[in-house]
file my_file-v4.tsv (TSV, C-alpha atoms)
chain	number	residue	atom	x	y	z
A	76	MET	CA	-2.44	-104.80	43.47
A	77	SER	CA	0.94	-106.55	43.89
A	78	ASP	CA	4.03	-104.74	45.13
A	79	ILE	CA	5.78	-105.48	41.82
A	80	THR	CA	3.10	-103.66	39.81
A	81	CYS	CA	3.28	-100.75	42.26
A	82	ILE	CA	7.08	-100.55	41.98
A	83	ALA	CA	6.96	-100.77	38.16
A	84	THR	CA	4.43	-97.91	38.04
A	85	ILE	CA	6.54	-95.84	40.42
A	86	ILE	CA	9.71	-96.41	38.37
A	87	LEU	CA	7.95	-95.37	35.17
A	88	ALA	CA	6.50	-92.31	36.94
A	89	ALA	CA	9.95	-91.41	38.30
A	90	ILE	CA	11.50	-91.66	34.81
A	91	THR	CA	8.73	-89.43	33.47
A	92	GLN	CA	9.18	-86.84	36.19
A	93	ALA	CA	12.98	-86.97	35.92
A	94	SER	CA	12.69	-86.12	32.23
A	95	LEU	CA	11.13	-82.73	33.04
A	96	GLN	CA	13.65	-80.02	32.29
A	97	LEU	CA	13.10	-77.08	34.62
A	98	GLY	CA	15.03	-78.55	37.55
A	99	LEU	CA	18.02	-79.35	35.34
A	100	GLY	CA	17.87	-75.94	33.64
A	101	GLY	CA	17.74	-74.23	37.04
A	102	LEU	CA	20.80	-76.14	38.22
A	103	ILE	CA	22.76	-75.27	35.06
A	104	LEU	CA	21.81	-71.64	35.59
A	105	LEU	CA	22.92	-71.82	39.21
A	106	TYR	CA	26.24	-73.41	38.20
A	107	HIS	CA	26.77	-70.83	35.47
A	108	ASN	CA	26.19	-67.89	37.78
A	109	SER	CA	27.86	-69.32	40.84
A	110	MET	CA	31.04	-70.53	39.13
A	111	GLY	CA	31.56	-67.04	37.74
A	112	LYS	CA	31.64	-65.39	41.13
A	113	HIS	CA	32.21	-67.94	43.89
A	114	ARG	CA	34.93	-70.35	44.91
A	115	ARG	CA	34.53	-73.94	43.71
A	116	LYS	CA	33.66	-75.17	47.20
A	117	THR	CA	30.84	-72.64	47.58
A	118	THR	CA	29.41	-73.62	44.20
A	119	ARG	CA	29.51	-77.28	45.24
A	120	HIS	CA	27.56	-76.52	48.41
A	121	LEU	CA	25.01	-74.43	46.52
A	122	ALA	CA	24.46	-77.23	44.00
A	123	LYS	CA	24.12	-79.79	46.80
A	124	ASN	CA	21.50	-77.67	48.53
A	125	TYR	CA	19.65	-77.06	45.27
A	126	ILE	CA	19.40	-80.84	44.75
A	127	LEU	CA	18.32	-81.35	48.37
A	128	GLY	CA	15.59	-78.74	47.87
A	129	SER	CA	14.41	-80.51	44.75
A	130	CYS	CA	14.32	-83.90	46.55
A	131	ALA	CA	12.59	-82.37	49.58
A	132	ILE	CA	9.71	-80.87	47.58
A	133	THR	CA	9.22	-84.12	45.66
A	134	PHE	CA	9.14	-86.13	48.91
A	135	LEU	CA	6.77	-83.65	50.56
A	136	MET	CA	4.45	-83.59	47.56
A	137	VAL	CA	4.28	-87.39	47.50
A	138	CYS	CA	3.52	-87.42	51.26
A	139	THR	CA	0.87	-84.71	50.82
A	140	PHE	CA	-0.86	-86.69	48.10
A	141	CYS	CA	-0.66	-89.85	50.20
A	142	PHE	CA	-2.39	-87.92	52.99
A	143	LEU	CA	-5.04	-86.56	50.61
A	144	ILE	CA	-5.78	-89.98	49.11
A	145	GLY	CA	-5.76	-91.59	52.55
A	146	ASN	CA	-8.22	-89.07	53.99
A	147	PHE	CA	-10.40	-87.94	51.10
A	148	PHE	CA	-10.38	-90.84	48.64
A	149	GLY	CA	-10.77	-93.72	51.10
A	150	GLY	CA	-7.15	-94.90	50.93
A	151	SER	CA	-7.10	-95.72	47.21
A	152	LEU	CA	-8.06	-93.94	44.00
A	153	SER	CA	-11.19	-95.21	42.31
A	154	ALA	CA	-11.16	-96.24	38.63
A	155	GLU	CA	-12.79	-92.90	37.70
A	156	TRP	CA	-9.97	-90.89	39.25
A	157	LEU	CA	-7.38	-93.13	37.61
A	158	VAL	CA	-9.06	-92.52	34.24
A	159	VAL	CA	-8.86	-88.77	34.93
A	160	SER	CA	-5.13	-89.20	35.64
A	161	ILE	CA	-4.72	-91.16	32.39
A	162	GLY	CA	-6.41	-88.31	30.53
A	163	ILE	CA	-4.03	-85.82	32.13
A	164	PHE	CA	-1.02	-88.00	31.22
A	165	ALA	CA	-2.17	-88.20	27.60
A	166	ALA	CA	-2.71	-84.42	27.49
A	167	SER	CA	0.67	-83.78	29.14
A	168	GLY	CA	2.36	-86.07	26.61
A	169	SER	CA	0.82	-84.17	23.70
A	170	VAL	CA	1.67	-80.80	25.24
A	171	MET	CA	5.22	-82.04	25.82
A	172	TRP	CA	5.60	-82.93	22.14
A	173	LEU	CA	4.10	-79.68	20.90
A	174	LEU	CA	4.57	-76.87	23.41
A	175	TYR	CA	7.06	-77.76	26.14
A	176	TYR	CA	9.96	-75.87	24.55
A	177	ARG	CA	9.64	-72.42	23.07
A	178	LYS	CA	10.52	-72.04	19.40
A	179	GLY	CA	14.14	-71.38	18.49
A	180	LYS	CA	16.84	-73.79	17.44
A	181	LYS	CA	19.60	-72.77	19.81
A	182	THR	CA	17.65	-72.35	23.02
A	183	THR	CA	16.11	-74.58	25.64
A	184	GLU	CA	13.59	-72.00	26.83
A	185	LEU	CA	10.57	-73.69	28.34
A	186	TRP	CA	6.81	-73.13	28.25
A	187	LEU	CA	6.80	-71.08	31.48
A	188	PRO	CA	5.67	-67.44	31.42
A	189	LYS	CA	8.54	-65.03	30.72
A	190	ALA	CA	8.01	-63.16	33.99
A	191	PHE	CA	8.44	-66.38	35.93
A	192	THR	CA	11.58	-67.53	34.09
A	193	ASN	CA	13.03	-64.05	34.61
A	194	PHE	CA	12.30	-64.44	38.31
A	195	ILE	CA	14.13	-67.79	38.44
A	196	ARG	CA	17.06	-66.36	36.43
A	197	LYS	CA	17.30	-63.39	38.79
A	198	LYS	CA	17.11	-65.67	41.82
A	199	ALA	CA	19.81	-67.98	40.41
A	200	ARG	CA	22.02	-64.94	39.74
A	201	ASN	CA	21.61	-63.69	43.31
A	202	THR	CA	21.90	-67.02	45.09
A	203	ASN	CA	24.79	-66.70	47.49
A	204	ASP	CA	23.99	-69.00	50.37
A	205	ASN	CA	22.76	-72.51	50.95
A	206	VAL	CA	19.24	-71.57	52.08
A	207	GLU	CA	18.65	-69.59	48.89
A	208	ALA	CA	19.94	-72.50	46.80
A	209	PHE	CA	17.64	-74.88	48.70
A	210	SER	CA	14.63	-72.64	48.07
A	211	LEU	CA	15.59	-72.29	44.39
A	212	GLY	CA	15.59	-76.09	44.15
A	213	LEU	CA	12.17	-76.20	45.81
A	214	LEU	CA	10.81	-73.53	43.52
A	215	SER	CA	12.06	-74.93	40.23
A	216	SER	CA	10.73	-78.41	40.99
A	217	PHE	CA	7.43	-77.05	42.24
A	218	ALA	CA	6.99	-74.89	39.12
A	219	GLU	CA	6.52	-78.02	36.98
A	220	ILE	CA	3.39	-78.89	38.95
A	221	PRO	CA	1.06	-78.72	35.90
A	222	PHE	CA	2.99	-81.71	34.53
A	223	SER	CA	3.78	-83.51	37.77
A	224	LEU	CA	0.42	-83.19	39.57
A	225	ALA	CA	-1.13	-86.31	38.03
A	226	ILE	CA	2.16	-88.18	38.48
A	227	TYR	CA	2.10	-87.43	42.23
A	228	PHE	CA	-1.49	-88.67	42.41
A	229	VAL	CA	-0.67	-92.01	40.81
A	230	VAL	CA	2.59	-92.45	42.75
A	231	ALA	CA	0.85	-91.72	46.06
A	232	ASN	CA	-1.86	-94.22	45.15
A	233	CYS	CA	0.79	-96.87	44.42
A	234	ILE	CA	2.64	-96.13	47.67
A	235	LEU	CA	-0.57	-96.50	49.69
A	236	ASN	CA	-1.15	-99.88	48.03
A	237	MET	CA	2.25	-101.13	49.21
A	238	SER	CA	2.90	-102.98	52.39
A	239	GLY	CA	4.17	-101.57	55.71
A	240	TRP	CA	7.49	-99.76	55.95
A	241	LEU	CA	8.09	-100.23	52.21
A	242	GLN	CA	5.93	-97.11	51.82
A	243	ILE	CA	8.41	-94.69	53.38
A	244	ILE	CA	11.40	-96.30	51.60
A	245	THR	CA	9.59	-95.99	48.26
A	246	ALA	CA	8.71	-92.33	48.87
A	247	VAL	CA	12.34	-91.49	49.70
A	248	SER	CA	13.67	-93.55	46.76
A	249	TYR	CA	11.21	-91.83	44.43
A	250	ALA	CA	12.48	-88.40	45.50
A	251	ILE	CA	16.09	-89.48	44.92
A	252	PHE	CA	15.30	-91.15	41.59
A	253	THR	CA	13.62	-88.00	40.22
A	254	ALA	CA	16.76	-86.02	41.11
A	255	LEU	CA	19.04	-88.39	39.13
A	256	PRO	CA	19.60	-85.96	36.21
A	257	LEU	CA	20.68	-83.31	38.73
A	258	LEU	CA	23.02	-85.76	40.45
A	259	VAL	CA	24.51	-86.78	37.08
A	260	LEU	CA	25.10	-83.10	36.22
A	261	LYS	CA	26.73	-82.52	39.62
A	262	PHE	CA	29.00	-85.53	39.05
A	263	ARG	CA	29.91	-84.35	35.53
A	264	VAL	CA	30.79	-80.87	36.77
A	265	LYS	CA	32.80	-82.36	39.62
A	266	THR	CA	34.79	-84.47	37.14
A	267	GLY	CA	35.82	-81.48	35.05
A	268	LYS	CA	32.99	-80.64	32.66
A	269	SER	CA	31.49	-77.16	32.65
A	270	ALA	CA	27.86	-76.11	32.92
A	271	ILE	CA	28.19	-74.66	29.41
A	272	GLU	CA	28.99	-78.09	28.00
A	273	ALA	CA	25.92	-79.50	29.76
A	274	GLN	CA	23.82	-76.75	28.23
A	275	LYS	CA	25.25	-77.46	24.76
A	276	TRP	CA	24.31	-81.12	25.26
A	277	ARG	CA	20.77	-80.08	26.18
A	278	VAL	CA	20.46	-77.94	23.06
A	279	ARG	CA	21.81	-80.73	20.83
A	280	ASN	CA	19.42	-83.28	22.32
A	281	LYS	CA	16.38	-81.06	22.70
A	282	ALA	CA	14.28	-82.98	20.19
A	283	PHE	CA	15.21	-86.29	21.80
A	284	SER	CA	14.34	-85.10	25.31
A	285	LYS	CA	11.01	-83.75	24.04
A	286	VAL	CA	10.09	-87.04	22.39
A	287	PHE	CA	11.36	-89.03	25.39
A	288	SER	CA	9.30	-87.02	27.91
A	289	GLY	CA	6.17	-87.06	25.77
A	290	SER	CA	6.49	-90.79	25.14
A	291	SER	CA	7.07	-91.46	28.86
A	292	PHE	CA	3.80	-89.70	29.67
A	293	MET	CA	1.98	-91.73	27.03
A	294	LEU	CA	3.56	-94.96	28.24
A	295	LEU	CA	2.59	-94.15	31.81
A	296	ALA	CA	-0.99	-93.54	30.66
A	297	ILE	CA	-1.07	-96.93	28.89
A	298	PHE	CA	0.56	-98.67	31.87
A	299	VAL	CA	-1.92	-97.26	34.40
A	300	LEU	CA	-4.80	-98.10	32.07
A	301	ALA	CA	-3.61	-101.68	31.58
A	302	PHE	CA	-2.60	-102.55	35.13
A	303	TRP	CA	-4.78	-100.37	37.33
A	304	VAL	CA	-8.04	-99.73	35.49
A	305	MET	CA	-8.68	-102.80	33.32
B	190	MET	CA	-2.26	-45.53	21.87
B	191	ALA	CA	1.23	-46.97	21.76
B	192	ARG	CA	3.41	-46.25	24.75
B	193	ALA	CA	6.99	-45.26	24.11
B	194	LYS	CA	9.53	-47.37	25.98
B	195	LYS	CA	11.62	-45.58	28.52
B	196	LYS	CA	15.19	-45.25	27.24
B	197	ILE	CA	17.96	-45.70	29.74
B	198	THR	CA	21.53	-44.73	28.95
B	199	TYR	CA	24.63	-46.01	30.71
B	200	GLU	CA	28.19	-44.88	30.52
B	201	TYR	CA	30.41	-47.41	28.74
B	202	SER	CA	32.85	-49.18	31.02
B	203	SER	CA	35.77	-51.20	29.69
B	204	ASP	CA	36.29	-52.73	33.16
B	205	GLY	CA	32.65	-53.85	33.25
B	206	ILE	CA	33.18	-55.77	30.01
B	207	LYS	CA	36.35	-57.38	31.36
B	208	GLN	CA	34.60	-58.46	34.55
B	209	SER	CA	31.67	-59.89	32.66
B	210	ILE	CA	33.97	-61.85	30.31
B	211	LEU	CA	35.98	-63.14	33.27
B	212	ARG	CA	32.80	-64.35	34.98
B	213	ASN	CA	31.68	-66.21	31.86
B	214	ALA	CA	35.18	-67.62	31.36
B	215	LYS	CA	35.26	-68.96	34.90
B	216	SER	CA	31.89	-70.60	34.34
B	217	ALA	CA	33.21	-72.17	31.10
B	218	LYS	CA	36.25	-73.46	33.05
B	219	VAL	CA	38.79	-71.52	30.97
B	220	ALA	CA	42.25	-71.22	32.56
B	221	PRO	CA	42.47	-67.93	34.54
B	222	GLY	CA	45.55	-66.59	32.74
B	223	TRP	CA	44.09	-67.21	29.28
B	224	ALA	CA	40.73	-65.77	30.43
B	225	LYS	CA	42.44	-62.55	31.56
B	226	GLN	CA	44.21	-62.23	28.20
B	227	ILE	CA	40.95	-62.80	26.34
B	228	ALA	CA	39.15	-60.20	28.47
B	229	GLU	CA	41.88	-57.63	27.84
B	230	ARG	CA	42.04	-58.28	24.08
B	231	VAL	CA	38.25	-58.08	23.69
B	232	ALA	CA	38.03	-54.92	25.82
B	233	LYS	CA	40.78	-53.35	23.68
B	234	GLU	CA	38.96	-54.22	20.44
B	235	VAL	CA	35.67	-52.89	21.79
B	236	ASP	CA	37.36	-49.70	23.04
B	237	ALA	CA	38.73	-49.08	19.53
B	238	TRP	CA	35.36	-49.86	17.91
B	239	ILE	CA	33.47	-47.58	20.27
B	240	ALA	CA	35.92	-44.65	20.12
B	241	ASP	CA	34.25	-42.83	17.21
B	242	LYS	CA	30.68	-43.48	18.36
B	243	GLU	CA	28.66	-41.16	20.54
B	244	ILE	CA	25.91	-43.57	21.45
B	245	ILE	CA	25.32	-47.27	20.81
B	246	THR	CA	22.66	-49.79	21.82
B	247	GLU	CA	23.29	-52.55	24.34
B	248	ALA	CA	22.44	-55.11	21.64
B	249	ASP	CA	25.15	-53.73	19.32
B	250	LEU	CA	27.68	-53.81	22.12
B	251	ARG	CA	26.78	-57.42	22.96
B	252	LYS	CA	27.03	-58.39	19.29
B	253	LYS	CA	30.49	-56.85	19.02
B	254	ILE	CA	31.70	-58.56	22.21
B	255	ILE	CA	30.32	-61.93	21.06
B	256	SER	CA	31.94	-61.61	17.62
B	257	GLU	CA	35.31	-60.85	19.24
B	258	LEU	CA	34.90	-63.70	21.74
B	259	GLU	CA	34.02	-66.16	18.97
B	260	LYS	CA	37.43	-65.53	17.41
B	261	LEU	CA	39.25	-66.23	20.69
B	262	ASN	CA	37.16	-68.76	22.61
B	263	PRO	CA	33.81	-70.09	21.32
B	264	ASP	CA	32.90	-71.50	24.76
B	265	ILE	CA	32.96	-68.09	26.43
B	266	ALA	CA	31.12	-66.62	23.43
B	267	TYR	CA	28.45	-69.30	23.83
B	268	ALA	CA	28.11	-68.60	27.55
B	269	TYR	CA	27.93	-64.84	26.92
B	270	LYS	CA	25.35	-65.26	24.16
B	271	ASN	CA	23.09	-67.90	25.66
B	272	HIS	CA	23.06	-67.39	29.43
B	273	ASP	CA	19.52	-66.05	29.25
B	274	LYS	CA	18.24	-68.91	27.06
B	275	ILE	CA	18.75	-71.80	29.47
B	276	ILE	CA	15.20	-71.98	30.85
call {"tool": "encode", "arguments": {"input": "my_file-v4.tsv", "output": "structure tokens"}}
result
Amino acid sequence: MSDITCIATIILAAITQASLQLGLGGLILLYHNSMGKHRRKTTRHLAKNYILGSCAITFLMVCTFCFLIGNFFGGSLSAEWLVVSIGIFAASGSVMWLLYYRKGKKTTELWLPKAFTNFIRKKARNTNDNVEAFSLGLLSSFAEIPFSLAIYFVVANCILNMSGWLQIITAVSYAIFTALPLLVLKFRVKTGKSAIEAQKWRVRNKAFSKVFSGSSFMLLAIFVLAFWVM
Amino acid sequence: MARAKKKITYEYSSDGIKQSILRNAKSAKVAPGWAKQIAERVAKEVDAWIADKEIITEADLRKKIISELEKLNPDIAYAYKNHDKII
């Protein structure tokens, strides 16, 4: 497979993963709690570490899947495994359209179990140092694993199909690309907007983000089917 | 057999309300002086509302605070109301 096809698949996968909402919600929560009790500089550092945590887990997951494919799948996924991934993408897209957000017009509560969201809320409320913020970033990105598992599989497969040192650059770029919504939020807050305004934007555009995420999953399924299986 | 929920009672604290409003105001990037005035006005209104009541629920207290905040600053009211509905 050519490098161009690999890069196109990775970009589409990164857009799909970036459209997942838990990481962004966690950062808004962190901003909301931290701005209420810390100095601006401390909040900035916490947000930076949260984003670093999110990037780190994405990079590590991609590397892990590269290792798994390299050692247990003979260096490249077979057509059968790619078809399984396509099935998971299609299922994730449907779930995204139907069940990703809980019911309620004015909320952006997600599909996660209540006990788990309460845990994240509590952790965001009690995050006072950079290590805690880093681990919160790790946790909130990792918690979306039911949606991102198949994405990691396909991305790792693409990376292994690329040539030489382009592999490591792509893995790092992928991690940064998936954190783009978090970086945009950080920039917006830095330039004077509040976390509350970001949350209001999320509520207003909830339907759009649901359709966008679901469609991205479907598009990724079609893309992998067309360029990798057929 | 249905299990009765354990009821916990707290003593009402006007300062607690002020602190909580100030935290939400800071998060909504409201100017500190205006935030302090809002916190004091809301606490005063809630104090007056609560004076003739022996016991109230936390939900009623929240509703009263939110309705007062909505008159003064909808952003803080929004933060107060929706902080647990973000994820």
call {"tool": "residues_around", "arguments": {"input": "my_file-v4.tsv", "residues": "B:Lys225", "least_positions_apart": "5", "cutoff": "12 Å", "atoms": "all atoms listed in the file", "output": "compact mmCIF listing (two decimals) with C-alpha atoms, in the coordinates of the input"}}
result
# COMPACT_ATOMS: atom_id res chain seq x y z
CA ASP B 204 36.29 -52.73 33.16
CA ILE B 206 33.18 -55.77 30.01
CA LYS B 207 36.35 -57.38 31.36
CA GLN B 208 34.60 -58.46 34.55
CA SER B 209 31.67 -59.89 32.66
CA ILE B 210 33.97 -61.85 30.31
CA LEU B 211 35.98 -63.14 33.27
CA ARG B 212 32.80 -64.35 34.98
CA ASN B 213 31.68 -66.21 31.86
CA ALA B 214 35.18 -67.62 31.36
CA LYS B 215 35.26 -68.96 34.90
CA VAL B 219 38.79 -71.52 30.97
CA ALA B 220 42.25 -71.22 32.56
CA ARG B 230 42.04 -58.28 24.08
CA VAL B 231 38.25 -58.08 23.69
CA ALA B 232 38.03 -54.92 25.82
CA LEU B 261 39.25 -66.23 20.69
call {"tool": "residues_around", "arguments": {"input": "my_file-v4.tsv", "residues": "A:His120", "least_positions_apart": "2", "cutoff": "12 Å", "atoms": "all atoms listed in the file", "output": "list in words"}}
result
Leu105, Tyr106, Ser109, Met110, His113, Arg114, Arg115, Lys116, Thr117, Thr118, Ala122, Lys123, Asn124, Tyr125, Ile126, Leu127, Thr202, Asn203, Asp204, Asn205, Val206, Glu207, Ala208, Phe209, Lys261 and Lys265 of chain A
call {"tool": "closest_atom_pairs", "arguments": {"input": "my_file-v4.tsv", "of": "chain B", "to": "chain A", "cutoff": "7 Å", "atoms": "all atoms listed in the file", "output": "Markdown table"}}
result
| residue | atom | partner | partner_atom | distance |
| --- | --- | --- | --- | --- |
| B:Arg212 | CA | A:Gly111 | CA | 4.0 |
| B:Asn213 | CA | A:Gly111 | CA | 5.9 |
| B:Lys215 | CA | A:Gly111 | CA | 5.0 |
| B:Ser216 | CA | A:Met110 | CA | 4.9 |
| B:Ala217 | CA | A:Ser269 | CA | 5.5 |
| B:Lys218 | CA | A:Ser269 | CA | 6.0 |
| B:Ala268 | CA | A:Ile271 | CA | 6.3 |
| B:Lys274 | CA | A:Thr182 | CA | 5.3 |
| B:Ile275 | CA | A:Thr183 | CA | 5.4 |
| B:Ile276 | CA | A:Glu184 | CA | 4.3 |
call {"tool": "atom_distance", "arguments": {"input": "my_file-v4.tsv", "atom1": "atom CA of A:Met136", "atom2": "atom CA of A:Ala88"}}
result
13.9 Å
call {"tool": "atom_distance", "arguments": {"input": "my_file-v4.tsv", "atom1": "atom CA of A:Gly149", "atom2": "atom CA of A:Val230"}}
result
15.8 Å
call {"tool": "closest_residue", "arguments": {"input": "my_file-v4.tsv", "among": "A:Ile86, A:Cys138, A:Thr80, A:Ser291", "to": "A:Phe252", "atoms": "only C-alpha atoms"}}
result
A:Ile86
call {"tool": "atom_distance", "arguments": {"input": "my_file-v4.tsv", "atom1": "atom CA of B:Glu229", "atom2": "atom CA of B:Glu247"}}
result
19.6 Å
call {"tool": "residues_around", "arguments": {"input": "my_file-v4.tsv", "residues": "A:Leu255", "least_positions_apart": "6", "cutoff": "12 Å", "atoms": "all atoms listed in the file", "output": "ChimeraX atom specification"}}
result
/A:89-95,98-99,126-127,129-130,248-249,261-262
call {"tool": "write_last_selection", "arguments": {"input": "my_file-v4.tsv", "atoms": "C-alpha atoms", "output": "compact mmCIF listing (two decimals), in the frame of the given file"}}
result
# COMPACT_ATOMS: atom_id res chain seq x y z
CA ALA A 89 9.95 -91.41 38.30
CA ILE A 90 11.50 -91.66 34.81
CA THR A 91 8.73 -89.43 33.47
CA GLN A 92 9.18 -86.84 36.19
CA ALA A 93 12.98 -86.97 35.92
CA SER A 94 12.69 -86.12 32.23
CA LEU A 95 11.13 -82.73 33.04
CA GLY A 98 15.03 -78.55 37.55
CA LEU A 99 18.02 -79.35 35.34
CA ILE A 126 19.40 -80.84 44.75
CA LEU A 127 18.32 -81.35 48.37
CA SER A 129 14.41 -80.51 44.75
CA CYS A 130 14.32 -83.90 46.55
CA SER A 248 13.67 -93.55 46.76
CA TYR A 249 11.21 -91.83 44.43
CA LYS A 261 26.73 -82.52 39.62
CA PHE A 262 29.00 -85.53 39.05
call {"tool": "closest_residue", "arguments": {"input": "my_file-v4.tsv", "among": "B:Lys195, B:Ile227, B:Pro221, B:Ala237", "to": "B:Lys260", "atoms": "only C-alpha atoms"}}
result
B:Ile227
call {"tool": "residues_around", "arguments": {"input": "my_file-v4.tsv", "residues": "B:Lys252", "least_positions_apart": "6", "cutoff": "10 Å", "atoms": "only C-alpha atoms", "output": "list in words"}}
result
Thr246, Leu258 and Lys270 of chain B
call {"tool": "closest_residue", "arguments": {"input": "my_file-v4.tsv", "among": "B:Asn271, B:Glu243, B:Glu200, B:Ile255", "to": "B:Ala228", "atoms": "only C-alpha atoms"}}
result
B:Ile255
call {"tool": "closest_residue", "arguments": {"input": "my_file-v4.tsv", "among": "A:Ile85, A:Val299, A:Ala273, A:Ile163", "to": "A:Pro256", "atoms": "all atoms listed in the file"}}
result
A:Ala273
